[in-house]
$ cat final.cif   # mmCIF, C-alpha atoms
data_final
#
loop_
_atom_site.label_atom_id
_atom_site.label_comp_id
_atom_site.auth_asym_id
_atom_site.auth_seq_id
_atom_site.Cartn_x
_atom_site.Cartn_y
_atom_site.Cartn_z
CA MET A 1 0.00 0.00 0.00
CA ASN A 2 1.31 3.45 -0.89
CA LYS A 3 1.40 5.46 2.33
CA LYS A 4 1.07 9.16 1.62
CA LEU A 5 -0.14 11.95 3.83
CA ALA A 6 -1.49 15.03 2.18
CA PHE A 7 -2.62 18.29 3.72
CA ILE A 8 -5.01 20.09 1.46
CA PHE A 9 -5.72 23.76 2.02
CA ALA A 10 -7.02 24.60 -1.46
CA GLY A 11 -9.95 26.84 -2.40
CA LEU A 12 -11.93 25.68 0.59
CA VAL A 13 -15.19 26.78 2.02
CA ALA A 14 -15.57 26.18 5.77
CA GLY A 15 -15.50 22.44 6.03
CA THR A 16 -15.35 21.29 2.40
CA ALA A 17 -12.11 20.18 0.76
CA LEU A 18 -11.51 19.55 -2.93
CA PHE A 19 -9.38 16.54 -3.90
CA ALA A 20 -10.33 14.52 -6.98
CA GLY A 21 -13.94 15.08 -6.05
CA THR A 22 -15.27 16.36 -2.75
CA ILE A 23 -14.54 15.16 0.75
CA ASN A 24 -16.94 16.59 3.30
CA VAL A 25 -15.22 17.48 6.53
CA GLN A 26 -17.31 18.21 9.61
CA THR A 27 -14.72 20.30 11.45
CA SER A 28 -11.85 22.59 10.54
CA ARG A 29 -9.41 20.19 12.27
CA SER A 30 -7.68 17.44 10.32
CA LEU A 31 -9.82 14.41 9.63
CA PRO A 32 -8.32 11.31 7.97
CA HIS A 33 -10.05 9.53 5.08
CA GLN A 34 -8.87 6.46 3.15
CA VAL A 35 -8.92 6.78 -0.63
CA ALA A 36 -7.05 4.26 -2.81
CA GLY A 37 -4.41 3.56 -0.18
CA THR A 38 -3.74 7.23 0.57
CA ALA A 39 -4.52 8.82 3.93
CA LEU A 40 -5.94 12.29 3.27
CA PHE A 41 -6.14 15.11 5.77
CA ALA A 42 -8.25 18.08 4.80
CA GLU A 43 -8.80 21.44 6.44
CA THR A 44 -9.26 25.07 5.54
CA ILE A 45 -6.26 27.26 4.70
CA ASN A 46 -6.91 29.05 7.99
CA GLY A 47 -7.11 25.88 10.02
CA ASN A 48 -3.88 25.37 11.89
CA PHE A 49 -1.31 27.96 10.84
CA ALA A 50 0.02 30.09 13.69
CA PRO A 51 3.01 32.36 14.29
CA ALA A 52 5.93 30.60 15.99
CA ASN A 53 6.24 33.68 18.23
CA SER A 54 2.98 34.62 20.00
CA ASP A 55 4.11 38.28 20.20
CA VAL A 56 3.66 38.59 16.43
CA LYS A 57 -0.14 38.57 16.69
CA LYS A 58 -0.18 40.74 19.84
CA LYS A 59 2.33 43.43 18.86
CA HIS A 60 1.92 43.32 15.05
CA PRO A 61 -1.71 42.22 14.41
CA GLY A 62 -1.63 43.07 10.68
CA SER A 63 1.34 40.80 10.02
CA PHE A 64 -0.59 37.51 10.44
CA VAL A 65 -4.05 37.50 8.85
CA LYS A 66 -6.34 34.53 8.35
CA ALA A 67 -8.76 35.68 5.66
CA LYS A 68 -11.32 33.61 3.80
CA ASN A 69 -9.42 30.94 1.81
CA GLN A 70 -6.05 32.64 2.21
CA LEU A 71 -3.29 33.23 4.68
CA ILE A 72 -1.60 36.66 4.57
CA LEU A 73 1.82 37.10 6.17
CA LYS A 74 3.58 40.48 6.25
CA GLY A 75 7.11 41.43 7.20
CA ILE A 76 7.80 43.24 10.46
CA PRO A 77 10.48 45.98 10.45
CA GLY A 78 13.73 44.67 11.96
CA MET A 79 12.36 41.17 12.55
CA THR A 80 12.24 37.86 10.68
CA TRP A 81 9.44 35.61 11.92
CA MET A 82 7.85 32.23 11.15
CA ALA A 83 4.32 30.90 10.74
CA PHE A 84 3.80 27.13 10.81
CA ASP A 85 1.10 24.50 10.61
CA THR A 86 0.58 23.20 14.14
CA THR A 87 -0.74 19.89 12.79
CA GLY A 88 2.08 17.37 12.49
CA ILE A 89 2.59 15.00 9.57
CA LYS A 90 4.11 11.66 10.60
CA SER A 91 7.23 10.57 8.74
CA GLU A 92 9.56 7.57 8.55
CA GLN A 93 13.28 7.14 7.94
CA GLY A 94 14.40 7.85 4.37
CA LYS A 95 11.31 9.86 3.38
CA THR A 96 10.99 13.23 1.63
CA ILE A 97 8.53 16.03 2.31
CA CYS A 98 7.05 17.57 -0.83
CA ILE A 99 5.44 20.97 -0.31
CA THR A 100 3.39 22.70 -3.01
CA VAL A 101 2.47 26.34 -2.38
CA THR A 102 0.38 28.70 -4.49
CA ALA A 103 1.10 32.27 -3.48
CA LYS A 104 1.75 35.82 -4.58
CA GLY A 105 3.64 38.60 -2.90
CA LYS A 106 6.90 40.52 -2.70
CA GLY A 107 10.21 40.43 -0.91
CA LYS A 108 12.01 37.47 0.64
CA VAL A 109 9.67 34.78 1.97
CA TYR A 110 10.82 31.21 2.46
CA ALA A 111 8.76 27.99 2.61
CA GLY A 112 9.94 24.85 4.35
CA TYR A 113 9.39 22.73 7.41
CA TYR A 114 10.14 22.11 11.05
CA GLY A 115 11.22 18.50 11.74
CA TYR A 116 10.65 17.00 15.19
CA ARG A 117 11.70 13.82 16.96
CA SER A 118 8.41 13.89 18.90
CA GLY A 119 5.89 16.53 19.92
CA TYR A 120 7.84 19.81 19.68
CA SER A 121 11.35 18.35 20.11
CA LEU A 122 12.95 20.13 17.12
CA VAL A 123 15.79 18.27 15.37
CA LYS A 124 15.81 19.83 11.85
CA GLN A 125 14.48 22.84 9.99
CA GLU A 126 14.93 23.79 6.39
CA ASP A 127 13.41 26.17 3.85
CA LYS A 128 13.84 27.60 0.35
CA LEU A 129 13.33 31.12 -1.00
CA LEU A 130 10.13 31.68 -2.98
CA THR A 131 10.45 34.04 -5.96
CA LEU A 132 7.21 35.96 -5.45
CA THR A 133 5.38 38.11 -8.01
CA ASP A 134 2.08 40.01 -8.00
CA LYS A 135 0.39 37.02 -9.70
CA PRO A 136 -0.30 33.69 -7.94
CA THR A 137 2.49 31.22 -8.71
CA GLU A 138 2.78 27.53 -7.81
CA PHE A 139 6.02 26.50 -6.09
CA LYS A 140 7.05 22.84 -5.67
CA LEU A 141 9.64 22.17 -2.97
CA GLU A 142 11.20 18.88 -1.86
CA PHE A 143 13.29 18.22 1.24
CA PRO A 144 14.87 14.85 2.13
CA LEU A 145 14.21 14.20 5.82
CA ALA A 146 16.85 13.19 8.36
CA SER A 147 16.35 9.78 9.97
CA THR A 148 15.63 11.46 13.33
CA VAL A 149 12.63 13.39 11.93
CA LYS A 150 9.38 11.68 12.93
CA ILE A 151 6.96 14.64 12.70
CA VAL A 152 6.97 17.42 10.09
CA ARG A 153 5.21 20.80 10.20
CA PRO A 154 5.21 23.05 7.08
CA ARG A 155 6.29 26.65 7.72
CA PHE A 156 6.93 30.06 6.20
CA ARG A 157 9.81 32.39 7.16
CA VAL A 158 8.90 36.05 6.60
CA THR A 159 11.59 38.73 6.38
CA PRO A 160 11.17 42.51 6.90
CA ASP A 161 9.65 44.39 3.94
CA SER A 162 8.05 41.24 2.51
CA GLU A 163 4.51 39.99 2.08
CA ILE A 164 2.91 36.73 0.96
CA THR A 165 -0.68 35.74 0.27
CA VAL A 166 -1.03 31.96 0.31
CA THR A 167 -4.10 30.55 -1.44
CA ASP A 168 -3.07 26.88 -1.53
CA ILE A 169 -0.59 24.65 0.27
CA LYS A 170 -0.17 20.87 0.16
CA ALA A 171 2.38 18.86 2.09
CA GLU A 172 3.00 15.20 1.31
CA ILE A 173 5.44 12.64 2.67
CA LYS A 174 6.90 10.37 -0.05
#
$ encode --input "final.cif" --output "structure tokens"
Amino acid sequence: MNKKLAFIFAGLVAGTALFAGTINVQTSRSLPHQVAGTALFAETINGNFAPANSDVKKKHPGSFVKAKNQLILKGIPGMTWMAFDTTGIKSEQGKTICITVTAKGKGKVYAGYYGYRSGYSLVKQEDKLLTLTDKPTEFKLEFPLASTVKIVRPRFRVTPDSEITVTDIKAEIK
């Protein structure tokens, strides 16, 4: 059986995810479904992304915005900050995380992942620069995972004077 985990945050309306048809989800939290040997997890784009630093939302409320079907992240003067999906994707030794992001924006924004041994025991983090424009662009990123990484959480790293509007993100372990 092909074991894949996919997070789908695409063009969603509160509780409905699109993936080769429609999967009805009763909550905005992840809910697994079995389809042709693939475990699917679906949620809204707003579902589980949060700033890694809680002061971002308190001191700079316009920098992290969960809008309908999009996530808007804006740079903070003099500060680089991260937003990540708090839902973990389980991984195994020798696997790769494939992240597909559809976004537009400006400046230097990176997409990648946090890799954990368990819970929030961080052992690896990696990201790649997205070349953003004023038109939505799809970016496909792949990262081989270290053998110690058991849980993966997709993330964005936002630099000062940058902005990104994310309309779709998928993360899959292969």
$ residues_near_point --input "final.cif" --point "(3.0, 31.5, -3.2)" --cutoff "8 Å" --atoms "only C-alpha atoms" --output "ChimeraX atom specification"
/A:101-105,130,132,136-139,164-168
$ closest_residue --input "final.cif" --among "A:Lys170, A:Tyr114, A:Ser147, A:Ser162" --to "Cys98 (chain A)" --atoms "only C-alpha atoms"
A:Lys170
$ residues_near_point --input "final.cif" --point "(-3.1, 27.9, 13.2)" --cutoff "9 Å" --atoms "all atoms listed in the file" --output "PDB file with C-alpha atoms, keeping the file's coordinate frame"
ATOM      1  CA  ASN A  46      -6.910  29.050   7.990  1.00  0.00           C
ATOM      2  CA  GLY A  47      -7.110  25.880  10.020  1.00  0.00           C
ATOM      3  CA  ASN A  48      -3.880  25.370  11.890  1.00  0.00           C
ATOM      4  CA  PHE A  49      -1.310  27.960  10.840  1.00  0.00           C
ATOM      5  CA  ALA A  50       0.020  30.090  13.690  1.00  0.00           C
ATOM      6  CA  PRO A  51       3.010  32.360  14.290  1.00  0.00           C
ATOM      7  CA  LYS A  66      -6.340  34.530   8.350  1.00  0.00           C
ATOM      8  CA  ALA A  83       4.320  30.900  10.740  1.00  0.00           C
ATOM      9  CA  PHE A  84       3.800  27.130  10.810  1.00  0.00           C
ATOM     10  CA  ASP A  85       1.100  24.500  10.610  1.00  0.00           C
ATOM     11  CA  THR A  86       0.580  23.200  14.140  1.00  0.00           C
ATOM     12  CA  THR A  87      -0.740  19.890  12.790  1.00  0.00           C
TER      13      THR A  87
END
$ closest_residue --input "final.cif" --among "A:Ala146, A:Leu141, A:Val56, A:Leu73" --to "Ile99 (chain A)" --atoms "all atoms listed in the file"
A:Leu141
$ closest_residue --input "final.cif" --among "A:Thr80, A:Ser63, A:Thr148, A:Asn69" --to "Tyr116 (chain A)" --atoms "all atoms listed in the file"
A:Thr148
$ closest_residue --input "final.cif" --among "A:Pro61, A:Lys74, A:Lys95, A:Gly112" --to "Val149 (chain A)" --atoms "only C-alpha atoms"
A:Lys95
$ atom_distance --input "final.cif" --atom1 "CA of Pro160 (chain A)" --atom2 "CA of Glu142 (chain A)"
25.2 Å
$ residues_around --input "final.cif" --residues "Leu122 (chain A)" --least-positions-apart "2" --cutoff "12 Å" --atoms "all atoms listed in the file" --output "list in words"
Tyr113, Tyr114, Gly115, Tyr116, Arg117, Ser118, Gly119, Tyr120, Lys124, Gln125, Glu126, Ala146, Thr148, Val149, Lys150, Ile151, Val152 and Arg153 of chain A
$ residues_around --input "final.cif" --residues "Ala111 (chain A)" --least-positions-apart "3" --cutoff "6 Å" --atoms "only C-alpha atoms" --output "list in words"
Asp127, Lys128, Arg155 and Phe156 of chain A
